[in-house]
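Student: Structure incoming, see below.
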Amino acid sequence: MCTVTYIPGKDGFFLTSNRDEHVTRGIALAPAIYNAGSAKLLYPKDPDKHGSWIAAKNNGDLVVLLNGAFVNHTKQKDYRKSRGLVLKEIIEAELPAHHYHNMDLDGVEPFTLILYTSGELYECRWDGEEKHTTSISMNLPHIWSSTTLYDQTAANKRENWFSDWQRSDYPKTANNILHFHKYAGEGDQKDSLVINRDGKMKTMSVTNISVMHGNITMTYEDLKANKQYINELAIESPAQINQPRILPRFFAIKRFFIRLFNWEYWSLNTVYAPIMFYWFWLSFKSRSFFFFNTANPQIENGGFAMESKWLIHHQIPEPYKPETFFFKAGTPAEQIKQVIKQENLNYPLILKPDIGGRGVLVKKIHSDDELAPYVQSMKVDFLVQAFIPYQQEVGIFYYRIPGQDKGHISGIVGKEFLTVTGDGRLTIAELLAREPRYLLQLPELMITNAEELQQVLPSGEKRVLVPYGNHARGAKFIDLSHQISDELTQTIDAVCRQIPEFYFGRMDVMYNTWEELCQGKNFAIVELNGAGSEPTHIYDPKHSIFFAWKEIMKHWKLLHTISTINHKNKNLKYMTYAEGMQMLKDNTNYLKLIA
(Lines give C-alpha, C1' and ligand atoms only; values in the text may rest on other atoms or scores of the structure.)
Protein backbone atom coordinates (compact mmCIF):
# COMPACT_ATOMS: atom_id res chain seq x y z
CA MET A 1 0.00 0.00 0.00
CA CYS A 2 3.04 2.24 -0.18
CA THR A 3 4.48 1.64 -3.66
CA VAL A 4 2.41 0.76 -6.71
CA THR A 5 3.33 0.28 -10.36
CA TYR A 6 1.19 -0.22 -13.44
CA ILE A 7 2.94 -1.78 -16.44
CA PRO A 8 1.24 -2.52 -19.78
CA GLY A 9 2.17 -5.82 -21.41
CA LYS A 10 1.83 -7.37 -24.84
CA ASP A 11 -1.29 -9.36 -23.95
CA GLY A 12 -2.52 -7.53 -20.84
CA PHE A 13 -1.04 -5.59 -17.93
CA PHE A 14 0.52 -5.87 -14.45
CA LEU A 15 -0.44 -4.09 -11.23
CA THR A 16 2.03 -4.50 -8.36
CA SER A 17 2.08 -3.25 -4.76
CA ASN A 18 4.65 -3.14 -1.94
CA ARG A 19 3.14 -3.09 1.54
CA ASP A 20 5.17 -1.12 4.11
CA GLU A 21 4.08 -1.52 7.73
CA HIS A 22 5.31 -1.09 11.29
CA VAL A 23 6.82 -4.37 12.47
CA THR A 24 4.27 -4.61 15.30
CA ARG A 25 1.41 -4.90 12.79
CA GLY A 26 -0.15 -8.36 12.51
CA ILE A 27 1.01 -10.65 9.69
CA ALA A 28 -1.41 -10.51 6.77
CA LEU A 29 -3.30 -13.61 5.70
CA ALA A 30 -2.24 -15.00 2.33
CA PRO A 31 -4.57 -14.27 -0.65
CA ALA A 32 -7.76 -16.32 -0.87
CA ILE A 33 -10.99 -16.20 -2.84
CA TYR A 34 -13.98 -14.79 -0.97
CA ASN A 35 -17.64 -14.59 -2.02
CA ALA A 36 -19.19 -11.14 -2.36
CA GLY A 37 -22.79 -11.67 -3.35
CA SER A 38 -22.76 -13.22 -6.82
CA ALA A 39 -19.16 -12.08 -7.41
CA LYS A 40 -15.86 -13.52 -6.23
CA LEU A 41 -12.98 -11.50 -4.79
CA LEU A 42 -9.31 -12.44 -4.50
CA TYR A 43 -7.21 -10.58 -1.95
CA PRO A 44 -4.78 -10.89 0.99
CA LYS A 45 -6.45 -9.94 4.27
CA ASP A 46 -5.37 -7.57 7.03
CA PRO A 47 -5.78 -9.63 10.24
CA ASP A 48 -6.51 -6.57 12.37
CA LYS A 49 -9.32 -4.77 10.47
CA HIS A 50 -10.16 -7.59 7.99
CA GLY A 51 -9.77 -5.24 5.04
CA SER A 52 -7.12 -5.30 2.32
CA TRP A 53 -4.81 -3.09 0.30
CA ILE A 54 -5.18 -4.90 -3.03
CA ALA A 55 -8.02 -6.93 -4.55
CA ALA A 56 -9.32 -8.42 -7.79
CA LYS A 57 -12.87 -9.30 -8.82
CA ASN A 58 -13.93 -12.01 -11.23
CA ASN A 59 -15.38 -9.48 -13.69
CA GLY A 60 -11.83 -8.10 -14.18
CA ASP A 61 -12.08 -5.12 -11.81
CA LEU A 62 -8.95 -4.43 -9.74
CA VAL A 63 -8.10 -1.98 -6.97
CA VAL A 64 -4.99 -1.16 -4.96
CA LEU A 65 -4.54 1.26 -2.07
CA LEU A 66 -1.83 3.75 -1.10
CA ASN A 67 -1.80 5.68 2.16
CA GLY A 68 -2.20 9.45 1.82
CA ALA A 69 -3.39 11.66 -1.01
CA PHE A 70 -1.37 14.62 -2.28
CA VAL A 71 0.72 15.53 0.79
CA ASN A 72 1.65 13.94 4.09
CA HIS A 73 -1.33 14.68 6.33
CA THR A 74 -1.55 15.07 10.11
CA LYS A 75 -2.87 11.81 11.51
CA GLN A 76 -5.91 12.00 13.76
CA LYS A 77 -6.40 9.86 16.83
CA ASP A 78 -9.50 8.00 15.62
CA TYR A 79 -11.06 7.36 12.23
CA ARG A 80 -14.58 6.14 11.50
CA LYS A 81 -13.58 3.37 9.11
CA SER A 82 -10.30 1.84 7.98
CA ARG A 83 -9.11 2.45 4.43
CA GLY A 84 -8.82 -1.29 3.86
CA LEU A 85 -12.55 -1.70 4.48
CA VAL A 86 -13.27 1.24 2.17
CA LEU A 87 -11.31 -0.56 -0.54
CA LYS A 88 -13.40 -3.72 -0.04
CA GLU A 89 -16.64 -1.75 -0.18
CA ILE A 90 -15.60 -0.12 -3.47
CA ILE A 91 -14.47 -3.31 -5.22
CA GLU A 92 -17.61 -5.17 -4.06
CA ALA A 93 -19.87 -2.52 -5.64
CA GLU A 94 -21.50 -3.21 -8.99
CA LEU A 95 -20.04 0.06 -10.33
CA PRO A 96 -16.86 0.70 -8.31
CA ALA A 97 -15.97 4.09 -9.82
CA HIS A 98 -19.49 5.39 -9.34
CA HIS A 99 -19.62 4.00 -5.80
CA TYR A 100 -16.40 5.82 -4.90
CA HIS A 101 -17.74 9.00 -6.49
CA ASN A 102 -20.85 8.93 -4.27
CA MET A 103 -19.77 7.24 -1.01
CA ASP A 104 -19.45 9.12 2.27
CA LEU A 105 -15.77 9.33 3.24
CA ASP A 106 -16.04 11.76 6.15
CA GLY A 107 -13.97 10.39 9.02
CA VAL A 108 -11.79 8.27 6.70
CA GLU A 109 -8.04 8.85 6.61
CA PRO A 110 -6.70 10.26 3.27
CA PHE A 111 -5.80 7.67 0.65
CA THR A 112 -5.12 7.06 -3.03
CA LEU A 113 -6.80 4.24 -4.98
CA ILE A 114 -5.63 2.93 -8.31
CA LEU A 115 -8.82 1.50 -9.79
CA TYR A 116 -9.23 -0.57 -12.94
CA THR A 117 -12.85 -1.04 -13.95
CA SER A 118 -14.82 -1.42 -17.18
CA GLY A 119 -11.62 -1.36 -19.20
CA GLU A 120 -10.41 1.98 -17.82
CA LEU A 121 -7.73 2.93 -15.27
CA TYR A 122 -8.36 5.66 -12.68
CA GLU A 123 -6.44 7.41 -9.93
CA CYS A 124 -8.86 8.23 -7.08
CA ARG A 125 -7.62 10.44 -4.25
CA TRP A 126 -9.41 11.34 -1.02
CA ASP A 127 -7.60 14.19 0.76
CA GLY A 128 -9.77 14.18 3.88
CA GLU A 129 -12.15 16.81 2.53
CA GLU A 130 -12.67 16.27 -1.20
CA LYS A 131 -12.47 13.45 -3.77
CA HIS A 132 -10.37 13.73 -6.91
CA THR A 133 -10.59 11.35 -9.87
CA THR A 134 -8.18 11.26 -12.81
CA SER A 135 -8.26 8.99 -15.85
CA ILE A 136 -4.88 7.29 -16.36
CA SER A 137 -3.46 6.20 -19.71
CA MET A 138 -3.23 2.42 -19.94
CA ASN A 139 -0.64 2.63 -22.70
CA LEU A 140 2.03 4.09 -20.41
CA PRO A 141 3.72 2.67 -17.30
CA HIS A 142 3.15 4.48 -13.98
CA ILE A 143 4.59 4.45 -10.48
CA TRP A 144 3.04 5.85 -7.29
CA SER A 145 4.62 6.29 -3.85
CA SER A 146 2.69 6.85 -0.64
CA THR A 147 2.89 10.49 0.50
CA THR A 148 2.88 9.39 4.16
CA LEU A 149 6.28 7.69 3.85
CA TYR A 150 7.98 9.26 0.83
CA ASP A 151 8.51 12.97 0.24
CA GLN A 152 8.94 14.44 -3.24
CA THR A 153 12.71 13.83 -3.24
CA ALA A 154 12.18 10.14 -2.46
CA ALA A 155 9.39 9.89 -5.03
CA ASN A 156 11.68 11.39 -7.67
CA LYS A 157 14.40 8.85 -6.89
CA ARG A 158 11.93 6.01 -7.29
CA GLU A 159 10.65 7.42 -10.58
CA ASN A 160 14.24 7.52 -11.84
CA TRP A 161 14.82 3.88 -10.83
CA PHE A 162 11.55 3.00 -12.57
CA SER A 163 12.59 4.83 -15.74
CA ASP A 164 16.01 3.18 -15.78
CA TRP A 165 14.43 -0.25 -15.36
CA GLN A 166 11.96 0.38 -18.19
CA ARG A 167 14.85 1.15 -20.53
CA SER A 168 16.54 -2.13 -19.63
CA ASP A 169 16.42 -5.24 -21.80
CA TYR A 170 14.56 -7.26 -19.18
CA PRO A 171 11.26 -8.63 -20.56
CA LYS A 172 8.29 -7.20 -18.70
CA THR A 173 7.11 -10.41 -17.03
CA ALA A 174 5.62 -10.96 -13.58
CA ASN A 175 8.92 -12.39 -12.28
CA ASN A 176 10.99 -9.47 -13.55
CA ILE A 177 8.49 -6.94 -12.19
CA LEU A 178 8.63 -8.66 -8.79
CA HIS A 179 12.43 -8.52 -8.99
CA PHE A 180 12.24 -4.76 -9.62
CA HIS A 181 9.89 -4.30 -6.68
CA LYS A 182 12.26 -6.19 -4.41
CA TYR A 183 15.63 -4.80 -5.48
CA ALA A 184 15.17 -1.32 -7.00
CA GLY A 185 17.25 1.17 -5.03
CA GLU A 186 18.96 -1.63 -3.12
CA GLY A 187 21.23 -0.16 -0.46
CA ASP A 188 19.01 2.86 0.16
CA GLN A 189 17.17 1.41 3.15
CA LYS A 190 15.13 4.57 3.69
CA ASP A 191 13.70 5.06 0.19
CA SER A 192 14.27 1.88 -1.83
CA LEU A 193 11.20 -0.08 -2.87
CA VAL A 194 11.90 -2.55 -0.04
CA ILE A 195 12.64 -0.46 3.03
CA ASN A 196 14.00 -1.13 6.50
CA ARG A 197 13.85 2.02 8.60
CA ASP A 198 15.71 1.31 11.81
CA GLY A 199 14.06 -2.10 12.13
CA LYS A 200 10.71 -0.43 12.90
CA MET A 201 9.15 0.19 9.49
CA LYS A 202 9.64 -2.50 6.87
CA THR A 203 8.27 -3.72 3.56
CA MET A 204 6.27 -6.77 4.56
CA SER A 205 5.09 -8.12 1.21
CA VAL A 206 4.99 -7.63 -2.55
CA THR A 207 1.82 -8.47 -4.49
CA ASN A 208 1.69 -8.72 -8.27
CA ILE A 209 -1.53 -9.00 -10.27
CA SER A 210 -1.13 -10.20 -13.84
CA VAL A 211 -4.14 -9.81 -16.16
CA MET A 212 -3.63 -11.93 -19.28
CA HIS A 213 -5.87 -13.92 -21.65
CA GLY A 214 -9.04 -13.57 -19.59
CA ASN A 215 -7.36 -14.66 -16.38
CA ILE A 216 -6.11 -12.93 -13.22
CA THR A 217 -3.00 -14.31 -11.53
CA MET A 218 -2.06 -12.94 -8.10
CA THR A 219 1.50 -13.64 -6.92
CA TYR A 220 1.99 -12.79 -3.26
CA GLU A 221 5.45 -12.75 -1.67
CA ASP A 222 5.51 -12.65 2.13
CA LEU A 223 8.96 -11.12 2.73
CA LYS A 224 8.80 -11.68 6.48
CA ALA A 225 8.07 -15.42 6.21
CA ASN A 226 9.95 -15.77 2.91
CA LYS A 227 7.02 -17.55 1.27
CA GLN A 228 5.32 -17.17 -2.11
CA TYR A 229 1.65 -17.82 -2.88
CA ILE A 230 0.08 -17.92 -6.35
CA ASN A 231 -3.70 -17.75 -6.90
CA GLU A 232 -5.73 -17.54 -10.09
CA LEU A 233 -9.16 -16.09 -10.79
CA ALA A 234 -10.93 -16.50 -14.13
CA ILE A 235 -12.52 -13.37 -15.56
CA GLU A 236 -16.19 -14.13 -16.15
CA SER A 237 -18.65 -12.23 -18.34
CA PRO A 238 -21.01 -9.68 -16.74
CA ALA A 239 -23.95 -11.98 -17.43
CA GLN A 240 -22.30 -14.78 -15.43
CA ILE A 241 -21.92 -12.60 -12.35
CA ASN A 242 -25.20 -10.73 -12.77
CA GLN A 243 -23.70 -7.27 -13.22
CA PRO A 244 -25.47 -4.37 -14.97
CA ARG A 245 -24.00 -3.41 -18.31
CA ILE A 246 -23.34 0.23 -19.11
CA LEU A 247 -20.56 -0.12 -21.63
CA PRO A 248 -21.75 -2.01 -24.71
CA ARG A 249 -20.39 -5.43 -25.58
CA PHE A 250 -16.98 -5.47 -27.21
CA PHE A 251 -16.46 -1.84 -26.16
CA ALA A 252 -12.66 -1.98 -26.48
CA ILE A 253 -12.91 -3.42 -29.99
CA LYS A 254 -15.53 -0.87 -31.03
CA ARG A 255 -13.42 1.97 -29.64
CA PHE A 256 -10.41 0.71 -31.59
CA PHE A 257 -12.29 0.68 -34.89
CA ILE A 258 -13.92 4.07 -34.24
CA ARG A 259 -10.46 5.58 -33.84
CA LEU A 260 -9.06 3.61 -36.77
CA PHE A 261 -11.67 4.68 -39.33
CA ASN A 262 -12.14 8.27 -38.10
CA TRP A 263 -8.87 10.12 -38.59
CA GLU A 264 -10.01 12.97 -36.33
CA TYR A 265 -9.26 10.67 -33.36
CA TRP A 266 -5.76 9.75 -34.50
CA SER A 267 -2.84 10.95 -32.43
CA LEU A 268 -1.09 14.18 -33.42
CA ASN A 269 2.02 12.24 -34.44
CA THR A 270 -0.03 10.01 -36.74
CA VAL A 271 -1.77 12.96 -38.39
CA TYR A 272 1.29 15.15 -38.84
CA ALA A 273 4.04 12.63 -39.61
CA PRO A 274 3.18 12.18 -43.33
CA ILE A 275 3.46 15.93 -44.03
CA MET A 276 6.48 16.78 -41.90
CA PHE A 277 8.59 16.86 -45.06
CA TYR A 278 6.91 20.19 -45.87
CA TRP A 279 7.84 21.62 -42.47
CA PHE A 280 11.44 20.51 -43.09
CA TRP A 281 11.36 22.26 -46.47
CA LEU A 282 10.11 25.52 -44.90
CA SER A 283 12.75 25.17 -42.19
CA PHE A 284 15.44 24.71 -44.82
CA LYS A 285 14.27 27.84 -46.65
CA SER A 286 14.39 29.92 -43.49
CA ARG A 287 17.51 28.19 -42.13
CA SER A 288 15.70 27.56 -38.87
CA PHE A 289 13.60 24.64 -37.66
CA PHE A 290 11.96 27.01 -35.14
CA PHE A 291 11.19 29.92 -37.46
CA PHE A 292 7.70 30.37 -35.97
CA ASN A 293 8.80 32.41 -32.94
CA THR A 294 8.84 35.63 -35.02
CA ALA A 295 5.24 35.23 -36.21
CA ASN A 296 3.77 37.02 -33.17
CA PRO A 297 6.65 38.97 -31.61
CA GLN A 298 4.72 40.02 -28.49
CA ILE A 299 3.73 36.44 -27.55
CA GLU A 300 6.25 34.09 -25.95
CA ASN A 301 7.62 31.62 -28.52
CA GLY A 302 5.25 33.20 -31.03
CA GLY A 303 2.45 31.31 -29.29
CA PHE A 304 3.69 27.90 -30.43
CA ALA A 305 4.09 26.32 -26.99
CA MET A 306 4.62 27.20 -23.31
CA GLU A 307 2.97 30.59 -23.73
CA SER A 308 1.08 32.06 -20.76
CA LYS A 309 -2.64 32.57 -21.31
CA TRP A 310 -2.51 35.20 -18.58
CA LEU A 311 0.04 37.34 -20.43
CA ILE A 312 -1.88 36.97 -23.69
CA HIS A 313 -5.10 37.90 -21.89
CA HIS A 314 -3.66 41.35 -21.15
CA GLN A 315 -3.21 41.99 -24.86
CA ILE A 316 -6.86 41.34 -25.77
CA PRO A 317 -8.84 44.59 -26.18
CA GLU A 318 -10.74 45.42 -22.99
CA PRO A 319 -14.31 45.24 -24.36
CA TYR A 320 -13.83 41.65 -25.54
CA LYS A 321 -12.04 39.89 -22.68
CA PRO A 322 -13.80 38.18 -19.77
CA GLU A 323 -12.76 39.06 -16.26
CA THR A 324 -9.86 36.74 -15.42
CA PHE A 325 -7.54 36.23 -12.43
CA PHE A 326 -4.19 34.45 -12.18
CA PHE A 327 -3.16 32.20 -9.28
CA LYS A 328 0.05 30.35 -8.55
CA ALA A 329 -0.05 26.62 -7.94
CA GLY A 330 -0.52 25.96 -4.24
CA THR A 331 -2.62 29.09 -3.59
CA PRO A 332 -5.03 28.23 -0.74
CA ALA A 333 -8.64 27.85 -1.80
CA GLU A 334 -9.73 30.30 0.90
CA GLN A 335 -7.57 33.02 -0.63
CA ILE A 336 -9.16 32.43 -4.03
CA LYS A 337 -12.64 32.52 -2.49
CA GLN A 338 -11.80 35.93 -0.99
CA VAL A 339 -10.78 37.25 -4.42
CA ILE A 340 -14.01 35.90 -5.95
CA LYS A 341 -16.01 37.67 -3.24
CA GLN A 342 -14.07 40.94 -3.46
CA GLU A 343 -14.38 41.07 -7.25
CA ASN A 344 -18.11 40.23 -7.12
CA LEU A 345 -17.68 37.21 -9.36
CA ASN A 346 -20.64 34.88 -9.59
CA TYR A 347 -20.71 31.13 -10.10
CA PRO A 348 -20.37 29.31 -12.40
CA LEU A 349 -16.71 30.09 -13.11
CA ILE A 350 -14.24 28.58 -15.54
CA LEU A 351 -10.93 27.27 -14.15
CA LYS A 352 -8.05 26.22 -16.41
CA PRO A 353 -4.24 25.94 -16.48
CA ASP A 354 -2.35 29.09 -17.40
CA ILE A 355 -0.44 27.05 -19.96
CA GLY A 356 -2.37 24.31 -21.68
CA GLY A 357 -4.49 23.29 -24.62
CA ARG A 358 -7.08 20.88 -26.01
CA GLY A 359 -9.32 21.46 -23.00
CA VAL A 360 -7.05 19.66 -20.54
CA LEU A 361 -8.11 20.44 -16.94
CA VAL A 362 -10.64 23.05 -18.04
CA LYS A 363 -13.54 22.84 -15.62
CA LYS A 364 -16.79 24.67 -14.99
CA ILE A 365 -17.12 25.30 -11.24
CA HIS A 366 -20.54 25.91 -9.70
CA SER A 367 -19.71 26.51 -6.02
CA ASP A 368 -17.06 26.92 -3.33
CA ASP A 369 -17.38 23.20 -2.65
CA GLU A 370 -16.29 22.40 -6.22
CA LEU A 371 -13.55 25.05 -6.18
CA ALA A 372 -11.53 23.58 -3.30
CA PRO A 373 -10.70 20.13 -4.77
CA TYR A 374 -9.74 21.63 -8.14
CA VAL A 375 -7.38 24.11 -6.49
CA GLN A 376 -5.82 21.47 -4.24
CA SER A 377 -5.17 19.09 -7.13
CA MET A 378 -3.56 21.67 -9.45
CA LYS A 379 0.18 21.24 -9.81
CA VAL A 380 0.55 24.24 -12.16
CA ASP A 381 -0.44 27.91 -12.22
CA PHE A 382 -4.04 28.46 -13.25
CA LEU A 383 -6.69 31.02 -14.16
CA VAL A 384 -10.13 31.74 -12.73
CA GLN A 385 -12.32 33.24 -15.44
CA ALA A 386 -15.82 34.69 -15.38
CA PHE A 387 -18.34 32.51 -17.14
CA ILE A 388 -19.49 33.92 -20.48
CA PRO A 389 -23.30 33.76 -20.69
CA TYR A 390 -23.42 33.53 -24.48
CA GLN A 391 -24.57 30.14 -25.76
CA GLN A 392 -22.68 29.96 -29.07
CA GLU A 393 -18.96 29.29 -29.57
CA VAL A 394 -16.70 29.39 -32.62
CA GLY A 395 -13.00 29.31 -33.33
CA ILE A 396 -11.90 31.91 -35.88
CA PHE A 397 -8.53 31.55 -37.57
CA TYR A 398 -7.02 34.93 -38.45
CA TYR A 399 -3.86 35.99 -40.25
CA ARG A 400 -2.38 39.22 -41.58
CA ILE A 401 0.72 39.50 -43.74
CA PRO A 402 3.00 42.15 -42.18
CA GLY A 403 2.84 45.38 -44.17
CA GLN A 404 -0.63 44.68 -45.58
CA ASP A 405 -3.56 46.88 -44.60
CA LYS A 406 -6.09 44.10 -44.13
CA GLY A 407 -6.16 40.77 -42.35
CA HIS A 408 -8.04 37.66 -43.37
CA ILE A 409 -10.10 34.84 -41.89
CA SER A 410 -8.92 31.46 -43.18
CA GLY A 411 -11.33 29.21 -41.33
CA ILE A 412 -14.19 29.10 -38.83
CA VAL A 413 -15.13 26.12 -36.67
CA GLY A 414 -18.40 25.77 -34.79
CA LYS A 415 -18.80 23.50 -31.79
CA GLU A 416 -21.66 21.28 -30.69
CA PHE A 417 -21.50 20.18 -27.07
CA LEU A 418 -21.97 16.53 -26.10
CA THR A 419 -25.78 16.44 -26.12
CA VAL A 420 -28.32 13.62 -26.33
CA THR A 421 -31.97 13.75 -27.39
CA GLY A 422 -34.39 11.39 -25.65
CA ASP A 423 -36.72 9.00 -27.45
CA GLY A 424 -38.79 7.91 -24.45
CA ARG A 425 -37.41 4.35 -24.59
CA LEU A 426 -33.62 4.19 -24.34
CA THR A 427 -31.46 5.24 -21.41
CA ILE A 428 -28.94 8.03 -21.85
CA ALA A 429 -26.18 5.40 -21.81
CA GLU A 430 -27.86 3.51 -24.66
CA LEU A 431 -28.28 6.72 -26.63
CA LEU A 432 -24.60 7.54 -26.14
CA ALA A 433 -23.57 4.05 -27.24
CA ARG A 434 -25.29 4.60 -30.60
CA GLU A 435 -23.13 7.62 -31.46
CA PRO A 436 -19.43 6.77 -32.04
CA ARG A 437 -18.22 10.19 -30.86
CA TYR A 438 -20.12 9.86 -27.61
CA LEU A 439 -19.29 6.19 -27.11
CA LEU A 440 -15.66 7.18 -26.60
CA GLN A 441 -16.70 9.41 -23.68
CA LEU A 442 -18.69 6.73 -21.84
CA PRO A 443 -15.95 5.54 -19.42
CA GLU A 444 -15.45 9.06 -18.05
CA LEU A 445 -19.20 9.71 -17.88
CA MET A 446 -19.63 6.47 -15.92
CA ILE A 447 -17.79 8.16 -13.06
CA THR A 448 -19.25 11.64 -13.19
CA ASN A 449 -22.78 10.89 -14.48
CA ALA A 450 -23.40 7.22 -13.62
CA GLU A 451 -26.93 7.66 -12.23
CA GLU A 452 -27.85 10.11 -14.98
CA LEU A 453 -26.78 7.58 -17.62
CA GLN A 454 -29.60 5.25 -16.49
CA GLN A 455 -32.29 7.87 -17.01
CA VAL A 456 -34.77 7.65 -19.89
CA LEU A 457 -35.42 11.10 -21.37
CA PRO A 458 -38.86 11.95 -22.75
CA SER A 459 -39.06 11.96 -26.53
CA GLY A 460 -37.52 15.12 -27.94
CA GLU A 461 -35.94 16.33 -24.68
CA LYS A 462 -32.31 17.38 -25.03
CA ARG A 463 -29.67 17.02 -22.32
CA VAL A 464 -26.17 18.60 -22.43
CA LEU A 465 -23.82 16.20 -20.64
CA VAL A 466 -20.47 17.94 -21.23
CA PRO A 467 -20.65 21.76 -21.52
CA TYR A 468 -17.16 22.19 -23.01
CA GLY A 469 -16.35 22.94 -26.65
CA ASN A 470 -13.33 20.66 -26.77
CA HIS A 471 -12.89 17.85 -29.27
CA ALA A 472 -11.32 15.61 -26.62
CA ARG A 473 -14.38 16.11 -24.39
CA GLY A 474 -16.87 14.90 -27.01
CA ALA A 475 -17.71 18.18 -28.77
CA LYS A 476 -18.39 17.95 -32.48
CA PHE A 477 -16.46 20.38 -34.68
CA ILE A 478 -18.32 21.82 -37.67
CA ASP A 479 -16.66 23.68 -40.53
CA LEU A 480 -18.40 27.06 -40.80
CA SER A 481 -15.85 28.60 -43.16
CA HIS A 482 -18.60 29.17 -45.71
CA GLN A 483 -19.93 31.89 -43.40
CA ILE A 484 -16.84 34.06 -43.81
CA SER A 485 -18.05 37.47 -45.00
CA ASP A 486 -16.59 40.91 -45.61
CA GLU A 487 -18.50 42.25 -42.60
CA LEU A 488 -17.18 39.56 -40.23
CA THR A 489 -13.66 39.90 -41.63
CA GLN A 490 -13.68 43.67 -41.04
CA THR A 491 -14.91 43.16 -37.47
CA ILE A 492 -12.30 40.53 -36.57
CA ASP A 493 -9.54 42.43 -38.36
CA ALA A 494 -10.38 45.59 -36.41
CA VAL A 495 -10.16 43.64 -33.13
CA CYS A 496 -6.93 41.82 -34.00
CA ARG A 497 -5.18 44.99 -35.13
CA GLN A 498 -5.63 46.26 -31.55
CA ILE A 499 -3.55 43.33 -30.32
CA PRO A 500 0.13 44.32 -30.50
CA GLU A 501 1.92 42.59 -33.41
CA PHE A 502 -0.59 39.76 -33.67
CA TYR A 503 -0.39 38.25 -37.15
CA PHE A 504 -1.27 34.56 -36.96
CA GLY A 505 -3.52 32.50 -34.73
CA ARG A 506 -6.97 31.40 -33.67
CA MET A 507 -9.35 33.09 -31.29
CA ASP A 508 -12.06 31.17 -29.44
CA VAL A 509 -15.14 33.36 -29.32
CA MET A 510 -18.40 33.12 -27.37
CA TYR A 511 -21.24 35.12 -28.93
CA ASN A 512 -24.95 35.81 -28.71
CA THR A 513 -26.11 35.73 -32.35
CA TRP A 514 -24.24 35.45 -35.63
CA GLU A 515 -25.63 38.76 -36.85
CA GLU A 516 -24.38 40.55 -33.72
CA LEU A 517 -20.97 38.88 -34.00
CA CYS A 518 -20.57 40.11 -37.58
CA GLN A 519 -21.53 43.61 -36.38
CA GLY A 520 -18.99 43.46 -33.57
CA LYS A 521 -21.58 43.26 -30.79
CA ASN A 522 -22.13 40.93 -27.83
CA PHE A 523 -19.16 38.59 -28.05
CA ALA A 524 -16.12 37.76 -25.93
CA ILE A 525 -12.71 36.30 -26.72
CA VAL A 526 -12.25 33.39 -24.35
CA GLU A 527 -8.76 32.51 -25.59
CA LEU A 528 -6.23 33.73 -28.13
CA ASN A 529 -3.80 31.18 -29.57
CA GLY A 530 -0.71 31.90 -31.65
CA ALA A 531 1.69 30.00 -33.89
CA GLY A 532 0.76 26.62 -32.46
CA SER A 533 -2.88 27.03 -33.48
CA GLU A 534 -4.51 24.38 -35.58
CA PRO A 535 -7.09 25.25 -38.26
CA THR A 536 -9.59 23.22 -36.26
CA HIS A 537 -12.29 23.35 -38.95
CA ILE A 538 -10.40 20.39 -40.44
CA TYR A 539 -11.89 18.18 -37.69
CA ASP A 540 -15.38 18.38 -39.16
CA PRO A 541 -16.25 14.68 -39.71
CA LYS A 542 -17.16 15.41 -43.32
CA HIS A 543 -13.54 16.23 -44.15
CA SER A 544 -10.99 13.63 -45.24
CA ILE A 545 -7.43 13.38 -43.98
CA PHE A 546 -6.31 14.70 -47.37
CA PHE A 547 -8.33 17.88 -46.86
CA ALA A 548 -6.76 18.21 -43.40
CA TRP A 549 -3.23 17.82 -44.75
CA LYS A 550 -3.89 20.45 -47.44
CA GLU A 551 -5.23 22.96 -44.87
CA ILE A 552 -2.41 22.34 -42.41
CA MET A 553 0.24 22.87 -45.07
CA LYS A 554 -1.54 26.00 -46.31
CA HIS A 555 -1.39 27.45 -42.79
CA TRP A 556 2.23 26.39 -42.33
CA LYS A 557 3.06 28.32 -45.51
CA LEU A 558 1.29 31.40 -44.13
CA LEU A 559 3.12 31.00 -40.81
CA HIS A 560 6.45 30.76 -42.66
CA THR A 561 5.71 33.82 -44.80
CA ILE A 562 4.74 35.97 -41.80
CA SER A 563 7.70 34.78 -39.72
CA THR A 564 10.18 35.40 -42.54
CA ILE A 565 8.92 38.95 -43.16
CA ASN A 566 9.08 39.82 -39.44
CA HIS A 567 12.53 38.26 -39.20
CA LYS A 568 13.77 40.41 -42.06
CA ASN A 569 11.92 43.70 -41.57
CA LYS A 570 11.93 43.84 -37.77
CA ASN A 571 15.40 42.32 -37.40
CA LEU A 572 14.00 39.61 -35.13
CA LYS A 573 16.13 36.57 -34.42
CA TYR A 574 14.84 33.07 -34.92
CA MET A 575 14.88 30.76 -31.95
CA THR A 576 18.09 28.75 -31.87
CA TYR A 577 18.02 24.98 -32.12
CA ALA A 578 19.04 24.64 -28.45
CA GLU A 579 16.31 27.07 -27.37
CA GLY A 580 13.72 25.29 -29.48
CA MET A 581 14.61 21.84 -28.17
CA GLN A 582 14.50 23.16 -24.60
CA MET A 583 11.05 24.62 -25.29
CA LEU A 584 9.83 21.23 -26.58
CA LYS A 585 11.35 19.45 -23.58
CA ASP A 586 9.73 21.90 -21.17
CA ASN A 587 6.42 21.46 -22.94
CA THR A 588 6.65 17.66 -22.69
CA ASN A 589 7.39 17.85 -18.97
CA TYR A 590 4.58 20.34 -18.45
CA LEU A 591 2.05 18.15 -20.25
CA LYS A 592 2.93 15.31 -17.87
CA LEU A 593 1.95 17.55 -14.96
CA ILE A 594 -1.49 18.33 -16.36
CA ALA A 595 -2.20 14.97 -18.05
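Numbering starts fresh at 1 for the residues of each chain in the C-alpha coordinates, the chains themselves are lettered A, B, ... in the order given, and ligands are numbered from 1 as they appear.
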Determine which residues of segment 134-341 of chain A receive a DSSP assignment of alpha helix (DSSP H), computed from the backbone, and state them as an MDAnalysis selection string.

Tutor: chainID A and resid 152:166 174:183 251:261 268:272 276:286 309:313 333:341

Student: Using only C-alpha atoms, which protein or nucleic acid residues come within 10 Å of segment 420-424 of chain A? Drop anything in the same chain fewer than 4 positions from it, and give the result as a PyMOL selection string.

Tutor: chain A and resi 428-429+431-432+435+438+455-465

Student: Let me make sure I understand: among A:Phe304, A:Tyr320, A:Phe291, A:Phe14, which one has the smallest atom-to-atom distance to Thr207 of chain A if we use only C-alpha atoms?

Tutor: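 Smallest distance to Thr207 of chain A is found for A:Phe14.
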
Student: Report the residues of segment 355-527 of chain A whose backbone DSSP state falls under strand (DSSP E or B), written as a PyMOL selection string.

Tutor: chain A and resi 363-365+382-386+392-399+408-416+418-421+427+456+462-466+476-479+504-511+523-527

Student: Between atom CA of Leu29 of chain A and atom CA of Lys49 of chain A, what is the spacing in Å?

Tutor: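 The value is 11.7 Å.
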
Student: Near Phe523 of chain A, within 12 Å and counting only C-alpha atoms, which residues show up once chain neighbours fewer than 6 positions away are dropped, as a PyMOL selection string?

Tutor: chain A and resi 318-322+388-394+491-492+495+507-517
